[in-house]
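Presented below is the structure to which this report refers.
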Amino acid sequence: MQEEMRMDPRVYLMGEEVAQYNGAYKVSQGMLDEFGPERIIDTPIAELGFAGIGVGSAMNGLKPIIEFMTFNFSLVAIDQVINSAAKVMSMSGGQYGCPIVFRGPTGNAGMLSSQHSQNFENWFANTAGLKVVVPSNPYDAKGLLKSSIRDNDPVIFMESELMYGDKGEVPEGEYVIPIGKADIKKQGTDVTLVSFGKMMKVALGAAEELAKEGISAEVIDLRSVRPIDYTTVVESVKKTNRLVVIEEAWPLASISSEISYHVQRYAFDYLDAPVHRVTSLDVPLPYAPTLIEAILPNVEKTVKAAKAVLYRN
Amino acid sequence: MEKVKNKASKNGKASQTKHPKERYQFWFENMLLMRRFEEKAGQLYGQQKIKGFCHLYIGQEACASGAVSASIKGDKWITAYRDHGLPLALGSEPNALMAELFAKATGCSKGKGGSMHFFDKEVNFLGGHGIVGAQVPMGAGIAFSEKYNKTGKVCFCYMGDGAVRQGAFHEALNMAMNWKLPVIFVIENNGYAMGTSVQRTSNVTELYKLGSAFDMPSEAVNGMSPEAIHDAFYEAAERARRGEGPTLLELRTYRYKGHSMSDPAKYRTKEELEDYKNQDPIEHVRGVLLENGWATELELETIESKIKDIVNASVTFAEESPFPTADEVYKDVYAEADYPYIID
């Protein structure tokens with residue numbers, strides 16, 4: 001964010017606790033000092049209001065980054081995202097666009113119970129007019145965030161509280177990662193594991209476990225779930241003939257069901273087994289750790305699903 | 001533009017000499033265009049040439065004309081779905097607006113918006129928005145960018161009386177006042193949110209008083225008086241340009257027609273309607289022009305006839321224009337030219 005703000009004076013950051021508090025999760029640490037209160041703006045707790053202010057300012061020439069403390073709180077602002085940001089270009093016949101980034105953490109973050117542990121990637125991905133980016137590691141996060149800020153369309157950028165402390169190689173210099181291109185994080189031949197965001201750790205962990213048993217998994221990071229890079233997935237399935245999708249959201253009308261549809265439609269003759277998926281169980285996520293463990297996707301469940309599509313025990 | 005403050009206009013009873021002849025001429029022609037355009041639109045809706053929802057502005061014309069005369073070039077405008085009046089008042093091409101009602105490719109929004117979503121960048125009209133109250137924070141955001149870029153321009157953000165019961169209204173007013181955004185929040189209080197009267201939606205029925213919750217300068221204005229509206233808007237805009245922040249203006253007005261074309265408006269009385277028609281802003285301005293000798297009957301008839309021609313020409317233009325073709329489907333959804341749509 002800082003690099004982009006240095007380059008483009010139209011970019012500003014607005015949200016709860018982003019300025020004086022240095023970010024609820026310290027994402028914007030030091031930015032108030034560098035850019036001042038005109039560009040790093042604390043808001044009252046009024047997501048609908050400040051999301052709308054972001055949209056109006058984007059229509060009128062600025063490039064806002066609107067931070068939701070978590071995407072759970074974005075639901076009171078979803079009218080502005082779906083009905084305003086995603087629609088204004090079409091409704092105005094292309095006269096007004098909305099180059100805006102809505103960012104913040106998504107998904108479970110420990111024992112926070114049901115209202116703070118939800119995934120809405122598929123909700124936003126359903127809406128034409130939006131782009132939805134979900135990075136899985138620090139390197140990707142920087143390159144994808146830069147692309148998102150530079151993008152002239154509204155972008156939903158979904159992070160994770162549990163990954164803010166992750167360490168990884170991030171080059172100082174300039175690089176961008178295009179939105180809509182999946183990344184094969186690990187090459188393999190026996191089964192394709194597709195995931196995105198925080199669940200990439202589960203997918204990669206499962207690939208390691210499978211390797212111990214002589215199973216070669218190819219692991220694909222979608223990086224964005226609107227648009228989805230179907231080609232990379234289909235090409236991989238044509239090679240491995242087997243697919244497991246790992247996703248933190250609930251199963252119904254999810255990214256995994258979308259991927260499954262697409263693969264049966266375009267790689268039907270290549271599949272040697274039905275597509276399996278590992279999602280959260282079809283219930284709200286409660287507080288107790290035993291229940292969380294039972295509900296969330298994990299390495300063990302993923303290994304089991306991979307073996308199921310390989311017909312191995 | 002206006003430098004002379006018109007004290008007498010506070011209660012809507014403007015001394016007719018305080019505003020110059022040219023302004024009355026502007027108001028007359030401007031409001032008459034809205035009135036005749038809307039009458040024609042209503043007629044065409046009845047003939048099913050115009051589809052979708054159609055919310056007419058008839059009766060509320062002064063709310064647009066009085067505001068436009070008090071604005072400067074570069075000011076921004078946004079409103080809800082009763083949006084035919086503002087762009088007409090701002091000088092949008094009637095042809096493009098009528099074509100939009102006809103869902104034609106030559107429409108101001110290329111036939112993709114319809115009655116509720118007029119947009120015209122040429123006149124800084126940032127739309128017609130269909131979710132009640134959603135345009136209020138957007139208007140604050142438009143003003144935010146004007147302040148960010150230190151332009152000295154303001155945003156006029158319109159809404160109906162129904163919008164003030166939405167959370168978005170209160171959140172936007174709060175931040176706009178706290179941040180001193182150059183925005184004028186304009187409630188066009190026509191008494192009814194669809195069919196529900198103001199009295200039935202809250203104990204607070206004097207809507208301008210809602211501004212006091214945010215320490216915002218607020219005022220009720222006679223919404224049938226272009227003079228009163230001009231003065232109130234001028235004062236509010238000047239305050240915003242000086243960096244002193246927003247104003248809430250409640251324009252007490254009336255829509256002569258139902259909420260939309262499908263509404264016979266049985267929830268109100270004939271007497272109430274007649275009472276407002278007696279305060280008709282166009283008739284008022286006509287009277288001032290004639291009484292002061294600023295126009296003759298003949299001259300006004302000539303204007304009437306010119307506007308009739310403009311409106312008729314817009315209908316011809318709309319009827320003769322093509323509908324958007326199927327290759328428009330994937331246009332104007334993303335700024336990105338080669339977005340990979342899902343095409344099964």
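The way I read the labels, and the way they are meant: chains A, B, ... in the order of the structure tokens, residue 1 as the first residue of every chain, and ligand 1 as the first ligand shown, with later ones counted on from there.
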
I need the alpha helix (DSSP H) residues of range 144-222 of chain B per DSSP on the backbone, written as number ranges by chain.
B: 144-148, 167-178

Under the rule of at most 7 Å, produce a per-residue listing of chain B near chain A: chain, number, name, the closest pair of atoms, and the distance in Å, as CSV, using only C-alpha atoms.
residue,atom,partner,partner_atom,distance
B:Ser109,CA,A:Gly93,CA,4.2
B:Lys110,CA,A:Gly93,CA,5.2
B:Lys112,CA,A:Met91,CA,5.5
B:Gly113,CA,A:Met91,CA,4.5
B:His117,CA,A:Met91,CA,6.1
B:Phe118,CA,A:Ser92,CA,7.0
B:Phe119,CA,A:Ser92,CA,5.4
B:Lys121,CA,A:Gln95,CA,6.4
B:Pro137,CA,A:Gly52,CA,4.7
B:Met138,CA,A:Gly56,CA,4.0
B:Gly139,CA,A:Gly56,CA,6.0
B:Ala140,CA,A:Ile53,CA,5.7
B:Gly141,CA,A:Ile53,CA,3.6
B:Ile142,CA,A:Ser57,CA,4.7
B:Phe144,CA,A:Ser57,CA,6.2
B:Ser145,CA,A:Ser57,CA,5.1
B:Ala168,CA,A:Gly49,CA,5.5
B:Glu171,CA,A:Gly49,CA,5.0
B:Ala172,CA,A:Gly49,CA,5.2
B:Asp332,CA,A:Gly94,CA,4.7
B:Val333,CA,A:Ser90,CA,5.1
B:Tyr334,CA,A:Gly129,CA,5.8
B:Ala335,CA,A:Asp153,CA,5.8
B:Pro340,CA,A:Pro227,CA,6.8

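With only C-alpha atoms as the atoms that count, the minimum distance from His129 in chain B to the choices A:Ala85, A:Val244, A:Val299, A:Ala253 is reached by A:Ala85.
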
The distance between CA of Lys51 in chain B and CA of Ala80 in chain B is 18.3 Å

Could you give me the residues within range 27-240 of chain B that DSSP places in strand (DSSP E or B), as a count of residues only?
31

Selection near range 155-158 of chain A, 10 Å with only C-alpha atoms, sequence-local residues under 3 positions removed, as number ranges by chain:
A: 65-68, 70-71, 81, 85-86, 98-107, 119-121, 124-125, 129-136, 141, 144-145, 147-152, 179, 197-198, 224, 226

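Look at range 84-97 of chain B: the protein and nucleic acid residues within 8 Å of it, using only C-alpha atoms and passing over chain neighbours fewer than 4 places away, are Asn30, Met31, Leu33, Met34, Glu38, Leu56, Tyr57, Glu61, Ala64, Ser65, Val68, Leu101, Thr106, Gly107, Cys108, Ser115, Phe118, Phe119, Asp120, Glu122, Val123, Phe125, Ile310, Val311, Ala313, Ser314, Val315, Phe317 and Ala318 of chain B.
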
Could you save those same residues with N, CA and C atoms as a PDB file, in the first residue's frame?
ATOM      1  N   ASN B  30     -36.476  26.420 -18.018  1.00  0.00           N
ATOM      2  CA  ASN B  30     -35.907  25.218 -17.432  1.00  0.00           C
ATOM      3  C   ASN B  30     -36.986  24.325 -16.805  1.00  0.00           C
ATOM      4  N   MET B  31     -37.860  24.931 -16.028  1.00  0.00           N
ATOM      5  CA  MET B  31     -38.911  24.145 -15.354  1.00  0.00           C
ATOM      6  C   MET B  31     -39.951  23.668 -16.354  1.00  0.00           C
ATOM      7  N   LEU B  33     -39.438  22.894 -19.416  1.00  0.00           N
ATOM      8  CA  LEU B  33     -38.882  21.748 -20.149  1.00  0.00           C
ATOM      9  C   LEU B  33     -39.088  20.461 -19.334  1.00  0.00           C
ATOM     10  N   MET B  34     -38.791  20.533 -18.040  1.00  0.00           N
ATOM     11  CA  MET B  34     -38.998  19.357 -17.187  1.00  0.00           C
ATOM     12  C   MET B  34     -40.459  18.937 -17.199  1.00  0.00           C
ATOM     13  N   GLU B  38     -41.817  15.469 -18.835  1.00  0.00           N
ATOM     14  CA  GLU B  38     -42.395  14.466 -17.940  1.00  0.00           C
ATOM     15  C   GLU B  38     -43.837  14.150 -18.325  1.00  0.00           C
ATOM     16  N   LEU B  56     -42.271  10.122 -11.806  1.00  0.00           N
ATOM     17  CA  LEU B  56     -42.303  11.478 -12.377  1.00  0.00           C
ATOM     18  C   LEU B  56     -42.010  12.547 -11.320  1.00  0.00           C
ATOM     19  N   TYR B  57     -41.478  13.662 -11.810  1.00  0.00           N
ATOM     20  CA  TYR B  57     -40.971  14.754 -10.975  1.00  0.00           C
ATOM     21  C   TYR B  57     -41.944  15.922 -10.956  1.00  0.00           C
ATOM     22  N   GLU B  61     -40.306  20.690  -9.770  1.00  0.00           N
ATOM     23  CA  GLU B  61     -39.305  21.262 -10.680  1.00  0.00           C
ATOM     24  C   GLU B  61     -38.439  22.356 -10.054  1.00  0.00           C
ATOM     25  N   ALA B  64     -35.022  21.526  -8.591  1.00  0.00           N
ATOM     26  CA  ALA B  64     -33.873  21.385  -9.489  1.00  0.00           C
ATOM     27  C   ALA B  64     -33.448  22.745 -10.049  1.00  0.00           C
ATOM     28  N   SER B  65     -34.406  23.504 -10.560  1.00  0.00           N
ATOM     29  CA  SER B  65     -34.071  24.779 -11.220  1.00  0.00           C
ATOM     30  C   SER B  65     -33.456  25.794 -10.266  1.00  0.00           C
ATOM     31  N   VAL B  68     -29.878  24.724  -9.592  1.00  0.00           N
ATOM     32  CA  VAL B  68     -28.923  24.879 -10.703  1.00  0.00           C
ATOM     33  C   VAL B  68     -28.521  26.345 -10.854  1.00  0.00           C
ATOM     34  N   LEU B 101     -35.228   6.432 -21.812  1.00  0.00           N
ATOM     35  CA  LEU B 101     -36.535   5.916 -21.385  1.00  0.00           C
ATOM     36  C   LEU B 101     -37.041   4.855 -22.363  1.00  0.00           C
ATOM     37  N   THR B 106     -28.887   4.979 -28.053  1.00  0.00           N
ATOM     38  CA  THR B 106     -28.501   6.392 -28.055  1.00  0.00           C
ATOM     39  C   THR B 106     -28.854   7.096 -26.737  1.00  0.00           C
ATOM     40  N   GLY B 107     -29.369   6.324 -25.783  1.00  0.00           N
ATOM     41  CA  GLY B 107     -29.739   6.904 -24.494  1.00  0.00           C
ATOM     42  C   GLY B 107     -28.523   7.349 -23.705  1.00  0.00           C
ATOM     43  N   CYS B 108     -28.759   8.202 -22.708  1.00  0.00           N
ATOM     44  CA  CYS B 108     -27.638   8.748 -21.933  1.00  0.00           C
ATOM     45  C   CYS B 108     -26.853   7.631 -21.258  1.00  0.00           C
ATOM     46  N   SER B 115     -35.160   4.625 -16.758  1.00  0.00           N
ATOM     47  CA  SER B 115     -35.679   5.784 -16.039  1.00  0.00           C
ATOM     48  C   SER B 115     -34.945   6.069 -14.732  1.00  0.00           C
ATOM     49  N   PHE B 118     -30.448   7.535 -14.977  1.00  0.00           N
ATOM     50  CA  PHE B 118     -29.862   8.531 -15.864  1.00  0.00           C
ATOM     51  C   PHE B 118     -28.483   8.896 -15.298  1.00  0.00           C
ATOM     52  N   PHE B 119     -27.505   9.026 -16.193  1.00  0.00           N
ATOM     53  CA  PHE B 119     -26.180   9.544 -15.830  1.00  0.00           C
ATOM     54  C   PHE B 119     -25.755  10.463 -16.967  1.00  0.00           C
ATOM     55  N   ASP B 120     -25.050  11.522 -16.658  1.00  0.00           N
ATOM     56  CA  ASP B 120     -24.499  12.372 -17.718  1.00  0.00           C
ATOM     57  C   ASP B 120     -23.246  13.077 -17.224  1.00  0.00           C
ATOM     58  N   GLU B 122     -21.191  14.783 -18.850  1.00  0.00           N
ATOM     59  CA  GLU B 122     -21.051  16.115 -19.438  1.00  0.00           C
ATOM     60  C   GLU B 122     -21.514  17.209 -18.491  1.00  0.00           C
ATOM     61  N   VAL B 123     -22.567  16.926 -17.735  1.00  0.00           N
ATOM     62  CA  VAL B 123     -23.109  17.955 -16.834  1.00  0.00           C
ATOM     63  C   VAL B 123     -22.831  17.599 -15.373  1.00  0.00           C
ATOM     64  N   PHE B 125     -23.504  14.934 -13.702  1.00  0.00           N
ATOM     65  CA  PHE B 125     -24.625  14.270 -13.028  1.00  0.00           C
ATOM     66  C   PHE B 125     -24.249  12.802 -12.810  1.00  0.00           C
ATOM     67  N   ILE B 310     -38.997  20.736 -28.799  1.00  0.00           N
ATOM     68  CA  ILE B 310     -37.838  19.993 -28.271  1.00  0.00           C
ATOM     69  C   ILE B 310     -38.279  18.622 -27.772  1.00  0.00           C
ATOM     70  N   VAL B 311     -39.388  18.613 -27.033  1.00  0.00           N
ATOM     71  CA  VAL B 311     -39.869  17.351 -26.456  1.00  0.00           C
ATOM     72  C   VAL B 311     -40.334  16.415 -27.575  1.00  0.00           C
ATOM     73  N   ALA B 313     -39.355  16.409 -30.631  1.00  0.00           N
ATOM     74  CA  ALA B 313     -38.166  15.961 -31.369  1.00  0.00           C
ATOM     75  C   ALA B 313     -37.459  14.843 -30.604  1.00  0.00           C
ATOM     76  N   SER B 314     -37.468  14.943 -29.277  1.00  0.00           N
ATOM     77  CA  SER B 314     -36.800  13.894 -28.487  1.00  0.00           C
ATOM     78  C   SER B 314     -37.523  12.568 -28.632  1.00  0.00           C
ATOM     79  N   VAL B 315     -38.834  12.630 -28.754  1.00  0.00           N
ATOM     80  CA  VAL B 315     -39.608  11.396 -28.934  1.00  0.00           C
ATOM     81  C   VAL B 315     -39.306  10.789 -30.309  1.00  0.00           C
ATOM     82  N   PHE B 317     -36.605  11.229 -32.031  1.00  0.00           N
ATOM     83  CA  PHE B 317     -35.231  10.714 -31.946  1.00  0.00           C
ATOM     84  C   PHE B 317     -35.208   9.350 -31.258  1.00  0.00           C
ATOM     85  N   ALA B 318     -35.935   9.258 -30.145  1.00  0.00           N
ATOM     86  CA  ALA B 318     -35.937   8.002 -29.377  1.00  0.00           C
ATOM     87  C   ALA B 318     -36.578   6.884 -30.183  1.00  0.00           C
TER      88      ALA B 318
END

For range 200-215 of chain A, please output as a VMD selection string all residues within 9 Å (counting only C-alpha atoms; exclusion window: fewer than 4 positions along the same chain).
chain A and resid 136 to 137 185 to 186 188 to 191 193 to 196 219 to 221 245 to 247 297 to 303 306 to 307

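Interatomic distance, CA of Arg268 in chain B to CA of Gly59 in chain B: 15.3 Å.
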
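One distance worth recording is that between CA of Cys63 in chain B and CA of Lys49 in chain B, which is 27.8 Å.
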
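The list of residues with at least one atom within 10 Å of Glu34 in chain A, based on only C-alpha atoms and without residues fewer than 4 positions apart in the same chain, reads Gln2, Met5, Arg6, Gln29, Gly30, Arg39 and Ile40 of chain A.
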
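When the distance limit is 9 Å and only C-alpha atoms are what count, the residues near Gly111 in chain B, minus those fewer than 6 positions from it on the same chain, are Met91 and Gly93 of chain A; Ala99, Glu100, Leu101, Phe102, Ala103, Lys104, Ala105, Phe323 and Pro324 of chain B.
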